[in-house]
Amino acid sequence: MDLPVIESTSPQAGGCSAGSCGSSASQMGGMSDEIRARVQDHPCYSEDAHHYFARMHVAVAPACNIQCHYCNRKYDCANESRPGVVSELLTPDQAVKKTLAVAATIPQMTVLGIAGPGDPLANPTRTFETFRQLALKAPDIKLCVSTNGLALPDHVEELSKHNIDHVTITINCVDPDVGAKIYPWIFWQNRRIHGREAAAILIQRQQQGLEMLVAKGILVKVNSVLIPGVNDEHLKEVSKIVKAKGAFLHNVMPLIAEAEHGTFYGVMGQRSPNPAELKNLQDACEGDMNMMRHCRQCRADAVGLLGEDRGDEFTMDKIEAMDIDYEAAMAVRAELRAKVTAELEAKRNKAHAPAGLQVVQFMPRQKTPAGRAVLMAVAGKGGLVAVHFGHAKEFLVYEASAAGAKFVGHRKAEQYCAGDETCGDGESVLDRTIKALDGCEVVLCSKIGFEPWGNLEAAGIAPNGEHAMESIEDAVMAVWNEMLAAGKLDAKPASNSTPAKCA
């Protein structure tokens, strides 16, 4: 069976728009009011909301109907944070019990997703029984599903019946020749199909499912894995096509290909993209699609805010030992959620408040100096510069310019304060952290020690601890304006791609 390559029907064939995704404001800017209202408090879709609301995944779907070269579903790997990894598989009854326990303990948990460790729609009985029970017992929790799309057309009606109004489809290509390099086989209609034929079937089913979901009014986010040399340039075409078919958000994620994970790509030495490659592709797709940039590529049993994982607190043995007054917990949950929602709404209103009348309208208007854009890394939490440099497990990266502060991604790091041992390759934790900040000219944090301060400066990165507990966006723009006033934004920055070693 050889299906045709899908042609783009997008009216926007390239270029970038200023109002596309990136920061919280621009991410929502390209959406209709109706879509914005449905996703603005969803932590996986709104960069703003993920600081306030939590999500969880329940691992009830072990089987998968395709094989990807970047996937290896390992179990009992609690120290790994990547899709397909879980510590324990659950039955639907266990998943519901766990969800209620998390909801009682983490009141800001608003979203429950099934994303594996296999494909939820390759396990329809387990998946839909979980959704059926949760719709009855926890109606205030949004239900989501993430799928590779092969079985999607067969289950759109069932998804609609269970009031699933958000679906994520992983679409890595729209050309079977590209797909044959990513998917060695699929299992479809009771047989295993290989190569280009397999990729063609998968692509056709993904696109059919996307169109059916949109026709039902179900919101669709598309995930794509950026694989250098395989689909890096091709993803621009993917973005155009899925937008033309009605997807509202595109999440381009970096390939995770460490050899120790045992994936085909990892073992064969396929490299992951560097941060600059990821950002450049996201920027290139931005004109065709709202781009998601705050994805953490979560485990299939993740619990908590994005960027944290509290799954160890909610293993089934610990849940069985919990003594929870669910009625009281749900009352507290409702109260806290109302408070958090009001706080987030106040922040949004402040960010979009009209400037009002200005006396300077009667004076000659000053031309705003145009300085170049600057990447800044922030050790942040809850929207504030609130983390000590040595305690940071990740850094949020913002692009500051005359247009404002735009969130563009995150960089994972090891905690320097946990110990700065040197590995076999001669690199210390601090060395690796500085390397992870390649391309950033400033790092903002609540505090920083003498040694990392000196090493950051030696690597061409300016440490800054002057804006502790300030809003990240305000702090980033304050530093950018200081750099502008000091004349530091006229010339191209010196490269910091070779960080200094620790003394």
# chains A, B, ... in the order shown; residues from 1 in each chain; ligands from 1

$ closest_atom_pairs --of "stretch 197-257 of chain A" --to "stretch 275-293 of chain A" --cutoff "10 Å" --atoms "only C-alpha atoms" --output "tab-separated table"
residue	atom	partner	partner_atom	distance
A:Lys221	CA	A:Met292	CA	9.2
A:Val222	CA	A:Met292	CA	9.7
A:Asn223	CA	A:Met292	CA	9.2
A:Leu226	CA	A:Leu278	CA	7.4
A:Ile227	CA	A:Leu278	CA	9.8
A:Pro228	CA	A:Glu277	CA	8.7
A:Asp232	CA	A:Leu281	CA	7.5
A:Glu233	CA	A:Leu281	CA	7.9
A:Leu235	CA	A:Cys285	CA	7.9
A:Lys236	CA	A:Cys285	CA	5.4
A:Glu237	CA	A:Cys285	CA	8.5
A:Val238	CA	A:Cys285	CA	9.1
A:Ser239	CA	A:Cys285	CA	6.3
A:Lys240	CA	A:Asp288	CA	5.5
A:Ile241	CA	A:Asp288	CA	9.0
A:Val242	CA	A:Met289	CA	8.6
A:Lys243	CA	A:Met289	CA	6.1
A:Ala244	CA	A:Asp288	CA	8.8
A:Ala247	CA	A:Met289	CA	8.5
A:Phe248	CA	A:Asn290	CA	6.7
A:Leu249	CA	A:Asn290	CA	5.0
A:His250	CA	A:Met291	CA	5.0
A:Asn251	CA	A:Met292	CA	4.8
A:Val252	CA	A:Gln282	CA	6.7
A:Met253	CA	A:Leu278	CA	7.6
A:Pro254	CA	A:Leu278	CA	6.6
A:Leu255	CA	A:Leu278	CA	9.8

$ select_by_dssp --residues "stretch 157-272 of chain A" --states "alpha helix (DSSP H)" --output "number ranges by chain"
A: 157-161, 176-179, 195-215, 235-244, 264-268

$ residues_around --residues "A:Asn123" --least-positions-apart "5" --cutoff "8 Å" --atoms "only C-alpha atoms" --output "PyMOL selection string"
chain A and resi 61-64

$ write_last_selection --atoms "N, CA and C atoms" --output "short mmCIF file (atom, residue, chain, number, x, y, z; two decimals), in the first residue's frame"
data_model
loop_
_atom_site.label_atom_id
_atom_site.label_comp_id
_atom_site.auth_asym_id
_atom_site.auth_seq_id
_atom_site.Cartn_x
_atom_site.Cartn_y
_atom_site.Cartn_z
N ALA A 61 -1.46 2.27 29.79
CA ALA A 61 -1.44 1.80 28.39
C ALA A 61 -0.07 1.22 28.04
N PRO A 62 0.19 -0.05 28.31
CA PRO A 62 1.53 -0.61 28.08
C PRO A 62 1.87 -0.94 26.63
N ALA A 63 0.87 -1.31 25.83
CA ALA A 63 1.15 -1.79 24.47
C ALA A 63 1.28 -0.63 23.49
N CYS A 64 2.09 -0.83 22.45
CA CYS A 64 2.22 0.17 21.40
C CYS A 64 2.10 -0.51 20.04
#

$ select_by_dssp --residues "stretch 149-216 of chain A" --states "strand (DSSP E)" --output "VMD selection string"
chain A and resid 166 to 170 185 to 188 191 to 194

$ closest_residue --among "A:Asp154, A:Val102, A:Ile324, A:Asn190" --to "A:Leu121" --atoms "only C-alpha atoms"
A:Asp154

$ residues_around --residues "stretch 446-454 of chain A" --least-positions-apart "3" --cutoff "9 Å" --atoms "only C-alpha atoms" --output "PDB file with C-alpha atoms, in the first residue's frame"
ATOM      1  CA  ALA A 379      16.820  30.173  37.697  1.00  0.00           C
ATOM      2  CA  GLY A 380      13.128  30.697  38.275  1.00  0.00           C
ATOM      3  CA  VAL A 385      13.593  34.818  39.876  1.00  0.00           C
ATOM      4  CA  ALA A 386      13.476  32.589  42.921  1.00  0.00           C
ATOM      5  CA  VAL A 387      16.122  29.840  42.723  1.00  0.00           C
ATOM      6  CA  HIS A 388      19.752  29.813  43.882  1.00  0.00           C
ATOM      7  CA  PHE A 389      22.144  29.135  40.977  1.00  0.00           C
ATOM      8  CA  GLY A 390      23.516  26.047  42.696  1.00  0.00           C
ATOM      9  CA  TYR A 416      25.870  22.361  41.568  1.00  0.00           C
ATOM     10  CA  LEU A 430      29.683  23.367  37.098  1.00  0.00           C
ATOM     11  CA  ILE A 434      27.906  26.379  32.029  1.00  0.00           C
ATOM     12  CA  GLU A 457      32.216  35.468  33.763  1.00  0.00           C
ATOM     13  CA  ALA A 458      35.212  33.599  32.355  1.00  0.00           C
ATOM     14  CA  ALA A 459      32.821  31.815  29.980  1.00  0.00           C
ATOM     15  CA  ALA A 462      27.221  37.668  33.139  1.00  0.00           C
ATOM     16  CA  PRO A 463      25.792  36.426  36.472  1.00  0.00           C
ATOM     17  CA  ASN A 464      23.109  38.605  38.053  1.00  0.00           C
ATOM     18  CA  GLY A 465      21.589  38.230  41.503  1.00  0.00           C
ATOM     19  CA  GLU A 466      20.097  41.712  41.761  1.00  0.00           C
ATOM     20  CA  HIS A 467      16.497  40.793  40.923  1.00  0.00           C
ATOM     21  CA  ALA A 468      15.651  38.058  43.425  1.00  0.00           C
ATOM     22  CA  MET A 469      11.904  37.428  43.849  1.00  0.00           C
ATOM     23  CA  CYS A 502      36.583  25.182  37.331  1.00  0.00           C
ATOM     24  CA  ALA A 503      39.626  26.281  39.242  1.00  0.00           C
TER      25      ALA A 503
END

$ atom_distance --atom1 "atom CA of A:Ala321" --atom2 "atom CA of A:Gln94"
13.7 Å
